[in-house]
$ cat model35.txt   # compact mmCIF, C-alpha atoms
# COMPACT_ATOMS: atom_id res chain seq x y z
CA MET A 19 -29.36 -6.90 8.30
CA GLY A 20 -29.30 -10.69 8.05
CA GLU A 21 -26.20 -10.39 5.89
CA LYS A 22 -22.74 -11.68 6.66
CA LYS A 23 -20.81 -9.79 9.30
CA VAL A 24 -18.16 -7.40 8.03
CA ILE A 25 -15.66 -5.35 10.00
CA ILE A 26 -14.03 -2.51 8.06
CA THR A 27 -10.96 -0.71 9.35
CA ILE A 28 -9.83 2.45 7.62
CA SER A 29 -6.42 3.96 8.20
CA ARG A 30 -5.84 7.32 6.56
CA GLU A 31 -3.41 10.09 5.86
CA PHE A 32 -4.43 13.53 7.15
CA GLY A 33 -6.46 15.29 4.45
CA SER A 34 -6.85 12.23 2.21
CA GLY A 35 -10.63 11.96 2.65
CA GLY A 36 -10.44 8.69 4.61
CA HIS A 37 -12.79 10.00 7.28
CA SER A 38 -15.50 11.00 4.77
CA ILE A 39 -15.08 7.67 2.99
CA ALA A 40 -15.49 5.75 6.26
CA MET A 41 -18.71 7.62 7.13
CA GLU A 42 -20.17 7.12 3.67
CA VAL A 43 -19.33 3.39 3.60
CA ALA A 44 -20.99 2.92 7.02
CA LYS A 45 -24.07 4.82 5.85
CA ARG A 46 -24.36 2.82 2.62
CA LEU A 47 -24.04 -0.47 4.51
CA ASN A 48 -26.26 0.76 7.34
CA ILE A 49 -23.74 -0.32 9.98
CA PRO A 50 -22.26 1.64 12.91
CA TYR A 51 -19.32 3.94 12.39
CA TYR A 52 -17.08 4.19 15.45
CA ASP A 53 -15.10 7.29 16.20
CA LYS A 54 -16.53 9.46 19.01
CA GLU A 55 -18.50 6.46 20.31
CA LEU A 56 -15.29 4.46 20.62
CA ILE A 57 -13.66 7.28 22.55
CA LYS A 58 -16.68 7.51 24.86
CA GLN A 59 -16.39 3.81 25.66
CA VAL A 60 -12.66 4.11 26.34
CA ALA A 61 -13.39 7.09 28.62
CA LEU A 62 -15.94 5.04 30.57
CA LYS A 63 -13.52 2.15 30.94
CA THR A 64 -10.54 4.24 32.00
CA GLY A 65 -11.85 7.33 33.76
CA LEU A 66 -9.71 9.42 31.39
CA ASP A 67 -11.00 12.55 29.70
CA SER A 68 -12.41 12.17 26.16
CA ASN A 69 -10.26 14.97 24.72
CA PHE A 70 -7.18 13.39 26.20
CA ILE A 71 -8.06 10.01 24.70
CA GLU A 72 -8.82 11.55 21.32
CA GLN A 73 -5.37 13.14 21.19
CA MET A 74 -3.30 10.49 22.88
CA GLY A 75 -5.00 7.35 21.59
CA GLU A 76 -3.67 7.96 18.12
CA TYR A 77 -0.92 10.55 18.28
CA SER A 78 1.05 9.45 21.30
CA THR A 79 4.66 8.55 21.34
CA THR A 80 6.32 7.23 24.46
CA SER A 81 8.19 10.47 25.06
CA ILE A 82 5.03 12.61 25.00
CA PHE A 83 3.24 10.12 27.18
CA ASP A 84 5.84 9.87 29.91
CA PHE A 85 4.97 13.44 30.72
CA PHE A 86 1.39 12.43 31.48
CA ASN A 87 2.16 9.55 33.79
CA SER A 88 0.63 11.35 36.73
CA TYR A 89 -2.56 12.30 34.83
CA GLY A 90 -5.94 11.36 36.31
CA ALA A 91 -6.23 7.74 35.19
CA ARG A 92 -7.76 5.25 37.59
CA ASN A 93 -4.81 3.86 39.49
CA ASP A 94 -6.69 0.75 40.61
CA LEU A 95 -6.91 -0.36 36.95
CA MET A 96 -3.51 0.84 35.82
CA ASN A 97 -1.68 -1.62 38.01
CA GLY A 98 1.75 -0.05 37.58
CA MET A 99 1.48 0.58 33.82
CA ASN A 100 2.30 4.02 32.49
CA VAL A 101 -0.66 5.83 31.03
CA ASN A 102 0.15 5.25 27.35
CA ASP A 103 0.38 1.49 27.73
CA PHE A 104 -2.74 1.54 29.89
CA LEU A 105 -4.68 3.50 27.27
CA TRP A 106 -3.47 1.11 24.57
CA VAL A 107 -4.69 -1.95 26.50
CA MET A 108 -8.11 -0.38 27.16
CA GLN A 109 -8.53 0.96 23.62
CA ARG A 110 -7.56 -2.43 22.21
CA GLN A 111 -10.18 -4.15 24.38
CA VAL A 112 -12.91 -1.72 23.28
CA ILE A 113 -12.03 -2.34 19.60
CA LEU A 114 -12.09 -6.12 20.07
CA ASP A 115 -15.46 -5.88 21.87
CA LEU A 116 -17.00 -3.66 19.19
CA ALA A 117 -15.82 -6.02 16.44
CA LYS A 118 -17.36 -8.95 18.32
CA GLN A 119 -20.73 -7.18 18.58
CA GLY A 120 -21.30 -7.02 14.83
CA SER A 121 -20.56 -5.27 11.53
CA CYS A 122 -18.97 -1.84 11.84
CA VAL A 123 -16.49 0.68 10.43
CA ILE A 124 -13.55 1.75 12.63
CA VAL A 125 -11.19 4.58 11.71
CA GLY A 126 -7.54 4.70 12.79
CA ARG A 127 -6.36 3.68 16.27
CA CYS A 128 -4.30 0.72 14.97
CA ALA A 129 -7.56 -1.21 14.45
CA ASP A 130 -6.05 -2.86 11.35
CA TYR A 131 -3.36 -4.38 13.55
CA ILE A 132 -5.63 -5.20 16.49
CA LEU A 133 -8.06 -7.04 14.16
CA ARG A 134 -5.41 -8.46 11.81
CA ASP A 135 -6.49 -12.07 12.42
CA ASP A 136 -10.25 -11.43 12.33
CA PRO A 137 -11.57 -13.40 9.32
CA ASP A 138 -14.51 -10.98 8.97
CA ALA A 139 -12.28 -7.90 8.81
CA TYR A 140 -11.13 -5.94 5.76
CA HIS A 141 -8.32 -3.43 6.20
CA PHE A 142 -8.08 -0.33 3.99
CA PHE A 143 -5.52 2.48 3.78
CA VAL A 144 -6.52 5.81 2.24
CA ARG A 145 -3.78 8.16 1.05
CA ALA A 146 -3.49 10.99 -1.47
CA ASP A 147 -0.97 13.08 -3.35
CA GLU A 148 0.31 16.09 -1.40
CA ASP A 149 -1.49 18.84 -3.43
CA PHE A 150 -4.84 17.12 -3.07
CA LYS A 151 -4.47 16.84 0.71
CA ALA A 152 -3.24 20.42 1.10
CA GLU A 153 -6.19 21.83 -0.83
CA ARG A 154 -8.71 19.78 1.17
CA ILE A 155 -7.18 20.63 4.55
CA VAL A 156 -7.25 24.38 3.93
CA ARG A 157 -10.80 24.18 2.52
CA LEU A 158 -12.20 22.02 5.35
CA TYR A 159 -10.19 23.08 8.40
CA GLY A 160 -8.99 26.55 7.39
CA GLU A 161 -5.53 28.08 7.42
CA SER A 162 -3.32 28.04 10.52
CA ASP A 163 0.00 29.57 11.57
CA LYS A 164 1.88 26.65 10.09
CA PRO A 165 2.26 25.94 6.38
CA VAL A 166 -0.11 23.12 5.43
CA GLY A 167 2.75 20.81 4.39
CA GLU A 168 4.12 21.04 7.89
CA ARG A 169 0.73 20.27 9.44
CA ILE A 170 0.47 17.12 7.31
CA LYS A 171 3.98 16.04 8.20
CA GLU A 172 3.41 16.58 11.91
CA LYS A 173 0.04 14.81 12.14
CA ASP A 174 0.98 11.81 9.99
CA GLY A 175 4.40 11.66 11.63
CA LYS A 176 2.74 11.23 15.01
CA ARG A 177 0.37 8.59 13.63
CA ALA A 178 3.31 6.68 12.16
CA ALA A 179 5.29 6.88 15.41
CA ASN A 180 2.30 5.74 17.48
CA TYR A 181 1.66 2.86 15.06
CA LYS A 182 5.29 1.79 15.09
CA HIS A 183 5.48 1.93 18.87
CA PHE A 184 2.42 -0.24 19.51
CA THR A 185 2.45 -2.59 16.52
CA GLY A 186 6.11 -2.81 15.51
CA ARG A 187 4.97 -2.25 11.91
CA LYS A 188 5.72 0.54 9.47
CA TRP A 189 2.66 2.73 8.86
CA GLY A 190 1.59 2.87 5.21
CA MET A 191 3.15 -0.39 3.98
CA CYS A 192 0.93 -2.30 1.55
CA GLU A 193 1.49 -5.49 3.54
CA CYS A 194 -0.63 -4.16 6.43
CA TYR A 195 -3.77 -3.71 4.32
CA ASP A 196 -6.09 -5.62 1.99
CA MET A 197 -6.36 -2.57 -0.26
CA SER A 198 -4.96 0.95 -0.42
CA PHE A 199 -6.18 3.93 -2.44
CA ASN A 200 -4.87 7.24 -3.76
CA THR A 201 -7.94 9.49 -3.58
CA ALA A 202 -6.21 12.20 -5.64
CA LYS A 203 -6.22 9.80 -8.60
CA LEU A 204 -9.41 7.85 -7.97
CA GLY A 205 -11.70 10.42 -6.33
CA ILE A 206 -13.48 10.01 -3.00
CA ASP A 207 -16.76 8.74 -4.50
CA ARG A 208 -15.03 6.07 -6.51
CA VAL A 209 -13.08 4.83 -3.49
CA VAL A 210 -16.39 4.36 -1.66
CA GLU A 211 -17.66 2.27 -4.59
CA LEU A 212 -14.45 0.24 -4.75
CA ILE A 213 -14.64 -0.59 -1.04
CA LEU A 214 -18.28 -1.68 -1.37
CA GLU A 215 -17.31 -3.80 -4.40
CA ALA A 216 -14.33 -5.35 -2.59
CA ILE A 217 -16.30 -6.62 0.41
CA LYS A 218 -19.29 -7.95 -1.57
CA MET B 12 -10.22 1.38 -29.52
CA GLY B 13 -11.10 5.10 -29.79
CA GLU B 14 -11.15 5.25 -26.00
CA LYS B 15 -8.96 7.31 -23.73
CA LYS B 16 -5.36 6.21 -23.38
CA VAL B 17 -4.51 4.30 -20.23
CA ILE B 18 -1.14 3.04 -19.04
CA ILE B 19 -1.29 0.41 -16.31
CA THR B 20 1.77 -0.55 -14.30
CA ILE B 21 1.60 -3.59 -12.04
CA SER B 22 4.20 -4.28 -9.38
CA ARG B 23 3.85 -7.61 -7.61
CA GLU B 24 5.14 -9.87 -4.92
CA PHE B 25 6.38 -13.28 -6.10
CA GLY B 26 3.45 -15.73 -6.07
CA SER B 27 0.76 -13.09 -5.48
CA GLY B 28 -0.92 -13.56 -8.87
CA GLY B 29 0.11 -10.14 -10.16
CA HIS B 30 1.34 -11.58 -13.44
CA SER B 31 -1.95 -13.40 -14.16
CA ILE B 32 -3.88 -10.28 -13.20
CA ALA B 33 -1.81 -8.12 -15.57
CA MET B 34 -2.39 -10.51 -18.49
CA GLU B 35 -6.13 -10.73 -17.83
CA VAL B 36 -6.52 -6.94 -17.52
CA ALA B 37 -4.67 -6.44 -20.84
CA LYS B 38 -6.86 -9.07 -22.49
CA ARG B 39 -10.11 -7.57 -21.17
CA LEU B 40 -9.08 -4.07 -22.33
CA ASN B 41 -7.66 -5.42 -25.59
CA ILE B 42 -4.38 -3.53 -25.12
CA PRO B 43 -0.76 -4.79 -25.31
CA TYR B 44 0.84 -6.49 -22.33
CA TYR B 45 4.60 -5.90 -22.18
CA ASP B 46 6.92 -8.43 -20.65
CA LYS B 47 8.93 -10.49 -23.15
CA GLU B 48 8.33 -7.84 -25.81
CA LEU B 49 9.85 -5.18 -23.56
CA ILE B 50 12.90 -7.36 -22.97
CA LYS B 51 13.26 -7.95 -26.74
CA GLN B 52 13.29 -4.20 -27.35
CA VAL B 53 15.88 -3.63 -24.62
CA ALA B 54 18.00 -6.41 -26.17
CA LEU B 55 17.82 -4.73 -29.56
CA LYS B 56 18.80 -1.36 -28.10
CA THR B 57 21.70 -2.66 -26.01
CA GLY B 58 23.12 -5.71 -27.73
CA LEU B 59 22.73 -7.58 -24.43
CA ASP B 60 21.31 -11.09 -24.21
CA SER B 61 17.56 -11.44 -23.43
CA ASN B 62 18.12 -13.88 -20.56
CA PHE B 63 20.63 -11.53 -19.01
CA ILE B 64 18.22 -8.60 -19.26
CA GLU B 65 15.35 -10.65 -17.85
CA GLN B 66 17.39 -11.49 -14.76
CA MET B 67 19.33 -8.30 -14.29
CA GLY B 68 16.71 -5.75 -15.32
CA GLU B 69 14.67 -6.47 -12.22
CA TYR B 70 16.79 -8.41 -9.77
CA SER B 71 20.08 -6.58 -9.95
CA THR B 72 21.84 -4.98 -7.07
CA THR B 73 24.99 -2.99 -7.59
CA SER B 74 27.14 -5.67 -6.05
CA ILE B 75 25.91 -8.39 -8.40
CA PHE B 76 26.24 -6.07 -11.34
CA ASP B 77 29.81 -5.00 -10.73
CA PHE B 78 30.76 -8.56 -11.55
CA PHE B 79 29.29 -8.19 -15.02
CA ASN B 80 30.98 -4.97 -15.94
CA SER B 81 32.97 -6.65 -18.65
CA TYR B 82 29.95 -8.48 -20.14
CA GLY B 83 29.18 -8.10 -23.86
CA ALA B 84 27.33 -4.78 -23.87
CA ARG B 85 27.98 -2.37 -26.71
CA ASN B 86 30.81 -0.21 -25.49
CA ASP B 87 30.08 2.56 -27.98
CA LEU B 88 26.71 3.16 -26.27
CA MET B 89 27.85 2.56 -22.71
CA ASN B 90 30.09 5.59 -22.68
CA GLY B 91 31.87 4.75 -19.45
CA MET B 92 28.76 3.62 -17.52
CA ASN B 93 28.82 0.30 -15.73
CA VAL B 94 26.45 -2.26 -17.15
CA ASN B 95 23.72 -1.94 -14.50
CA ASP B 96 23.35 1.81 -14.95
CA PHE B 97 23.50 1.34 -18.71
CA LEU B 98 20.75 -1.27 -18.64
CA TRP B 99 18.64 0.99 -16.41
CA VAL B 100 18.95 3.92 -18.82
CA MET B 101 18.02 1.77 -21.82
CA GLN B 102 15.17 -0.03 -20.05
CA ARG B 103 13.79 3.29 -18.83
CA GLN B 104 13.85 4.67 -22.39
CA VAL B 105 12.01 1.62 -23.76
CA ILE B 106 9.32 1.97 -21.06
CA LEU B 107 8.86 5.70 -21.79
CA ASP B 108 8.63 4.95 -25.53
CA LEU B 109 6.07 2.17 -25.07
CA ALA B 110 3.93 4.40 -22.83
CA LYS B 111 4.05 7.14 -25.46
CA GLN B 112 2.86 4.73 -28.19
CA GLY B 113 -0.51 4.04 -26.54
CA SER B 114 -2.45 2.12 -23.91
CA CYS B 115 -0.65 -0.85 -22.38
CA VAL B 116 0.04 -2.93 -19.28
CA ILE B 117 3.63 -3.11 -17.97
CA VAL B 118 4.71 -5.48 -15.20
CA GLY B 119 7.54 -4.69 -12.78
CA ARG B 120 10.81 -3.07 -13.86
CA CYS B 121 10.21 0.09 -11.77
CA ALA B 122 7.66 1.22 -14.38
CA ASP B 123 5.56 2.78 -11.59
CA TYR B 124 8.48 5.08 -10.78
CA ILE B 125 9.52 5.75 -14.36
CA LEU B 126 5.94 6.74 -15.29
CA ARG B 127 5.09 8.42 -11.95
CA ASP B 128 4.27 11.77 -13.60
CA ASP B 129 2.35 10.34 -16.56
CA PRO B 130 -1.24 11.63 -16.20
CA ASP B 131 -2.57 8.63 -18.15
CA ALA B 132 -0.89 6.09 -15.88
CA TYR B 133 -2.37 4.08 -13.01
CA HIS B 134 -0.01 2.27 -10.67
CA PHE B 135 -1.04 -0.93 -8.90
CA PHE B 136 0.71 -3.16 -6.37
CA VAL B 137 -0.37 -6.77 -5.94
CA ARG B 138 0.58 -8.61 -2.77
CA ALA B 139 -0.75 -11.59 -0.80
CA ASP B 140 -0.55 -13.30 2.56
CA GLU B 141 2.36 -15.74 2.86
CA ASP B 142 0.34 -19.02 2.81
CA PHE B 143 -1.50 -17.99 -0.34
CA LYS B 144 1.76 -17.23 -2.17
CA ALA B 145 3.48 -20.40 -0.96
CA GLU B 146 0.62 -22.62 -2.17
CA ARG B 147 0.53 -20.92 -5.59
CA ILE B 148 4.29 -21.05 -6.11
CA VAL B 149 4.51 -24.77 -5.40
CA ARG B 150 1.44 -25.48 -7.56
CA LEU B 151 2.60 -23.35 -10.53
CA TYR B 152 6.38 -23.63 -10.46
CA GLY B 153 6.90 -26.86 -8.50
CA GLU B 154 9.07 -27.61 -5.49
CA SER B 155 12.78 -26.80 -5.40
CA ASP B 156 15.72 -27.45 -3.09
CA LYS B 157 14.89 -24.38 -1.05
CA PRO B 158 11.88 -24.02 1.25
CA VAL B 159 9.26 -21.89 -0.49
CA GLY B 160 9.43 -19.17 2.17
CA GLU B 161 13.10 -18.70 1.38
CA ARG B 162 12.39 -18.50 -2.36
CA ILE B 163 9.86 -15.73 -1.74
CA LYS B 164 12.22 -13.83 0.53
CA GLU B 165 15.09 -14.07 -1.94
CA LYS B 166 13.12 -13.02 -5.04
CA ASP B 167 11.22 -10.15 -3.41
CA GLY B 168 14.35 -9.10 -1.52
CA LYS B 169 16.16 -8.66 -4.84
CA ARG B 170 13.22 -6.75 -6.30
CA ALA B 171 13.17 -4.45 -3.29
CA ALA B 172 16.93 -3.86 -3.44
CA ASN B 173 16.83 -3.14 -7.17
CA TYR B 174 13.88 -0.75 -6.67
CA LYS B 175 15.60 1.06 -3.82
CA HIS B 176 18.84 1.39 -5.76
CA PHE B 177 17.31 2.93 -8.86
CA THR B 178 14.36 4.89 -7.45
CA GLY B 179 15.42 5.75 -3.90
CA ARG B 180 11.98 4.56 -2.76
CA LYS B 181 10.94 1.72 -0.50
CA TRP B 182 9.28 -1.11 -2.42
CA GLY B 183 5.72 -1.89 -1.26
CA MET B 184 4.86 1.46 0.35
CA CYS B 185 1.26 2.59 -0.35
CA GLU B 186 2.55 6.03 -1.36
CA CYS B 187 4.10 4.63 -4.56
CA TYR B 188 0.79 3.27 -5.92
CA ASP B 189 -2.74 4.39 -6.74
CA MET B 190 -4.10 1.12 -5.38
CA SER B 191 -2.78 -2.03 -3.74
CA PHE B 192 -4.43 -5.41 -3.28
CA ASN B 193 -4.14 -8.49 -1.10
CA THR B 194 -5.15 -11.30 -3.47
CA ALA B 195 -5.37 -13.79 -0.59
CA LYS B 196 -8.30 -11.81 0.78
CA LEU B 197 -9.89 -10.51 -2.42
CA GLY B 198 -9.21 -13.30 -4.93
CA ILE B 199 -7.48 -12.90 -8.28
CA ASP B 200 -10.71 -12.53 -10.30
CA ARG B 201 -12.03 -9.78 -8.05
CA VAL B 202 -8.76 -7.84 -8.26
CA VAL B 203 -9.09 -7.87 -12.07
CA GLU B 204 -12.63 -6.44 -11.73
CA LEU B 205 -11.48 -3.81 -9.21
CA ILE B 206 -8.70 -2.62 -11.53
CA LEU B 207 -11.12 -2.36 -14.46
CA GLU B 208 -13.57 -0.45 -12.21
CA ALA B 209 -10.81 1.89 -10.94
CA ILE B 210 -9.66 3.05 -14.39
CA LYS B 211 -13.14 3.49 -15.87
$ encode --input "model35.txt" --output "structure tokens"
Amino acid sequence: MGEKKVIITISREFGSGGHSIAMEVAKRLNIPYYDKELIKQVALKTGLDSNFIEQMGEYSTTSIFDFFNSYGARNDLMNGMNVNDFLWVMQRQVILDLAKQGSCVIVGRCADYILRDDPDAYHFFVRADEDFKAERIVRLYGESDKPVGERIKEKDGKRAANYKHFTGRKWGMCECYDMSFNTAKLGIDRVVELILEAIK
Amino acid sequence: MGEKKVIITISREFGSGGHSIAMEVAKRLNIPYYDKELIKQVALKTGLDSNFIEQMGEYSTTSIFDFFNSYGARNDLMNGMNVNDFLWVMQRQVILDLAKQGSCVIVGRCADYILRDDPDAYHFFVRADEDFKAERIVRLYGESDKPVGERIKEKDGKRAANYKHFTGRKWGMCECYDMSFNTAKLGIDRVVELILEAIK
């Protein structure tokens, strides 16, 4: 690369296209995109199952987590913490380590908050109007028993609760991000261009 | 012009540079920028004083306004409304009329909410980190008796209360805007470029 280091965090509403945007930005910049890889590293560090981390690392609330306190986490590392706080500490450390290693794109997992004081980091929030998200969700993930509006509400509600619990901040406030985008208005391709332009 | 119509609303934190950005965007697009002109039109419609409208049209809360219920507004038009609701109705009508006339840039005054269903409208929110705003405010407007942090809190607090009262929405949430910007990170010039790129 030889270029200046850049850490990009992308927070996103369910169905907004934030995930596709993150992958495309990483590809265009030729830098790593952390999602499954991040989870694998957290699994290695904690001894917890990848599927469990994937669900709980972003959608937990204390009440759900209390239920899992006797799950299979490595008790020697947990040192009396309950499993949600333990996972938070480990996930935070993995994110800080990845950001130290070099340029990358990280999606979700409160990375905007964890890296809020990193001078090389840009924090983006991707949202969209309800109709746009509903159409995309049904097209990409198919129908389910629940109406799509309810699926959005549930998934983003859990993200917001998890974010509030661990950061004390309100999810989706402009003050948490350097830029936010409405993909319904701007289009996914244009948001990719705008992010590349912003970090130049 | 001959180009497609575009309405740009810019909401901004005190000291963020949103006002300079709005003026520069209007200049670059060669379209009207409404601030004083909007107030003049509201004054004509209502019989209220321009200074009063400038203050109360954006910084009112119900409690402040109740005090002014016997101010000099034209009672034939007010039709039993108190003066804050009356001013809101008139200001809203002026904004809708201006947007109908053609491309323009409108700053503040809940224009993002009033024009939320206008397909030609783009809604932007300009914010900045605290230090950046404090430095700009002292440089541009000078010192005052109050610490600059308090001045920011007071002015933006009134904007947020006014916004909440008339729109029911929380000021500064990503969901109210098509894009938001942190000028401390991006720089004022780059935000101008990003807005021009976004509406292309």
$ interface_residues --input "model35.txt" --of "chain B" --to "chain A" --cutoff "7 Å" --atoms "all atoms listed in the file" --output "list in words"
Gly183, Met184, Cys185, Asp189, Met190, Ser191, Phe192, Asn193, Lys196, Leu197, Leu205 and Ala209 of chain B
$ residues_around --input "model35.txt" --residues "stretch 51-65 of chain A" --least-positions-apart "5" --cutoff "12 Å" --atoms "only C-alpha atoms" --output "JSON, numbers by chain"
{"A": [25, 26, 27, 28, 37, 38, 39, 40, 41, 42, 43, 44, 45, 46, 70, 71, 72, 73, 74, 75, 76, 89, 90, 91, 92, 93, 94, 95, 96, 101, 102, 104, 105, 106, 107, 108, 109, 110, 111, 112, 113, 114, 115, 116, 117, 120, 121, 122, 123, 124, 125, 126, 127, 129]}
$ atom_distance --input "model35.txt" --atom1 "atom CA of B:Gly160" --atom2 "atom CA of B:Ile199"
20.8 Å
$ atom_distance --input "model35.txt" --atom1 "atom CA of B:Ile148" --atom2 "atom CA of B:Phe25"
8.0 Å
$ closest_residue --input "model35.txt" --among "B:Cys121, B:Asp200, B:Ile42, B:Glu14" --to "B:Ala171" --atoms "all atoms listed in the file"
B:Cys121
$ atom_distance --input "model35.txt" --atom1 "atom CA of A:Arg154" --atom2 "atom CA of A:Ile170"
11.4 Å
$ axis_aligned_box --input "model35.txt" --around "stretch 142-157 of chain A" --padding-each-side "6 Å" --output "AutoDock Vina command-line options"
--center_x -5.2 --center_y 12.0 --center_z 0.6 --size_x 23.1 --size_y 36.7 --size_z 20.0
$ closest_residue --input "model35.txt" --among "B:Val203, B:Tyr70, B:Lys157, B:Lys111" --to "B:Lys169" --atoms "all atoms listed in the file"
B:Tyr70
$ closest_residue --input "model35.txt" --among "A:Asp138, A:Ile132, A:Leu158, A:Glu148" --to "A:Lys22" --atoms "all atoms listed in the file"
A:Asp138
$ build_atoms --input "model35.txt" --residues "stretch 170-184 of chain B" --atoms "N, CA and C atoms" --output "PDB file, in the frame of the given file"
ATOM      1  N   ARG B 170      14.059  -7.788  -5.692  1.00  0.00           N
ATOM      2  CA  ARG B 170      13.220  -6.750  -6.300  1.00  0.00           C
ATOM      3  C   ARG B 170      13.270  -5.462  -5.483  1.00  0.00           C
ATOM      4  N   ALA B 171      13.171  -5.624  -4.172  1.00  0.00           N
ATOM      5  CA  ALA B 171      13.170  -4.450  -3.290  1.00  0.00           C
ATOM      6  C   ALA B 171      14.500  -3.707  -3.342  1.00  0.00           C
ATOM      7  N   ALA B 172      15.597  -4.472  -3.400  1.00  0.00           N
ATOM      8  CA  ALA B 172      16.930  -3.860  -3.440  1.00  0.00           C
ATOM      9  C   ALA B 172      17.149  -3.122  -4.756  1.00  0.00           C
ATOM     10  N   ASN B 173      16.727  -3.755  -5.852  1.00  0.00           N
ATOM     11  CA  ASN B 173      16.830  -3.140  -7.170  1.00  0.00           C
ATOM     12  C   ASN B 173      16.002  -1.851  -7.227  1.00  0.00           C
ATOM     13  N   TYR B 174      14.796  -1.915  -6.692  1.00  0.00           N
ATOM     14  CA  TYR B 174      13.880  -0.750  -6.670  1.00  0.00           C
ATOM     15  C   TYR B 174      14.486   0.395  -5.868  1.00  0.00           C
ATOM     16  N   LYS B 175      14.986   0.054  -4.697  1.00  0.00           N
ATOM     17  CA  LYS B 175      15.600   1.060  -3.820  1.00  0.00           C
ATOM     18  C   LYS B 175      16.793   1.722  -4.511  1.00  0.00           C
ATOM     19  N   HIS B 176      17.620   0.884  -5.135  1.00  0.00           N
ATOM     20  CA  HIS B 176      18.840   1.390  -5.760  1.00  0.00           C
ATOM     21  C   HIS B 176      18.534   2.399  -6.868  1.00  0.00           C
ATOM     22  N   PHE B 177      17.549   2.081  -7.694  1.00  0.00           N
ATOM     23  CA  PHE B 177      17.310   2.930  -8.860  1.00  0.00           C
ATOM     24  C   PHE B 177      16.286   4.030  -8.635  1.00  0.00           C
ATOM     25  N   THR B 178      15.419   3.894  -7.647  1.00  0.00           N
ATOM     26  CA  THR B 178      14.360   4.890  -7.450  1.00  0.00           C
ATOM     27  C   THR B 178      14.526   5.668  -6.149  1.00  0.00           C
ATOM     28  N   GLY B 179      15.293   5.122  -5.206  1.00  0.00           N
ATOM     29  CA  GLY B 179      15.420   5.750  -3.900  1.00  0.00           C
ATOM     30  C   GLY B 179      14.192   5.521  -3.022  1.00  0.00           C
ATOM     31  N   ARG B 180      13.211   4.767  -3.516  1.00  0.00           N
ATOM     32  CA  ARG B 180      11.980   4.560  -2.760  1.00  0.00           C
ATOM     33  C   ARG B 180      11.923   3.146  -2.158  1.00  0.00           C
ATOM     34  N   LYS B 181      11.107   3.016  -1.145  1.00  0.00           N
ATOM     35  CA  LYS B 181      10.940   1.720  -0.500  1.00  0.00           C
ATOM     36  C   LYS B 181       9.866   0.932  -1.246  1.00  0.00           C
ATOM     37  N   TRP B 182      10.188  -0.246  -1.676  1.00  0.00           N
ATOM     38  CA  TRP B 182       9.280  -1.110  -2.420  1.00  0.00           C
ATOM     39  C   TRP B 182       8.117  -1.537  -1.531  1.00  0.00           C
ATOM     40  N   GLY B 183       6.871  -1.404  -2.036  1.00  0.00           N
ATOM     41  CA  GLY B 183       5.720  -1.890  -1.260  1.00  0.00           C
ATOM     42  C   GLY B 183       5.110  -0.868  -0.319  1.00  0.00           C
ATOM     43  N   MET B 184       5.513   0.402  -0.436  1.00  0.00           N
ATOM     44  CA  MET B 184       4.860   1.460   0.350  1.00  0.00           C
ATOM     45  C   MET B 184       3.612   1.929  -0.419  1.00  0.00           C
TER      46      MET B 184
END
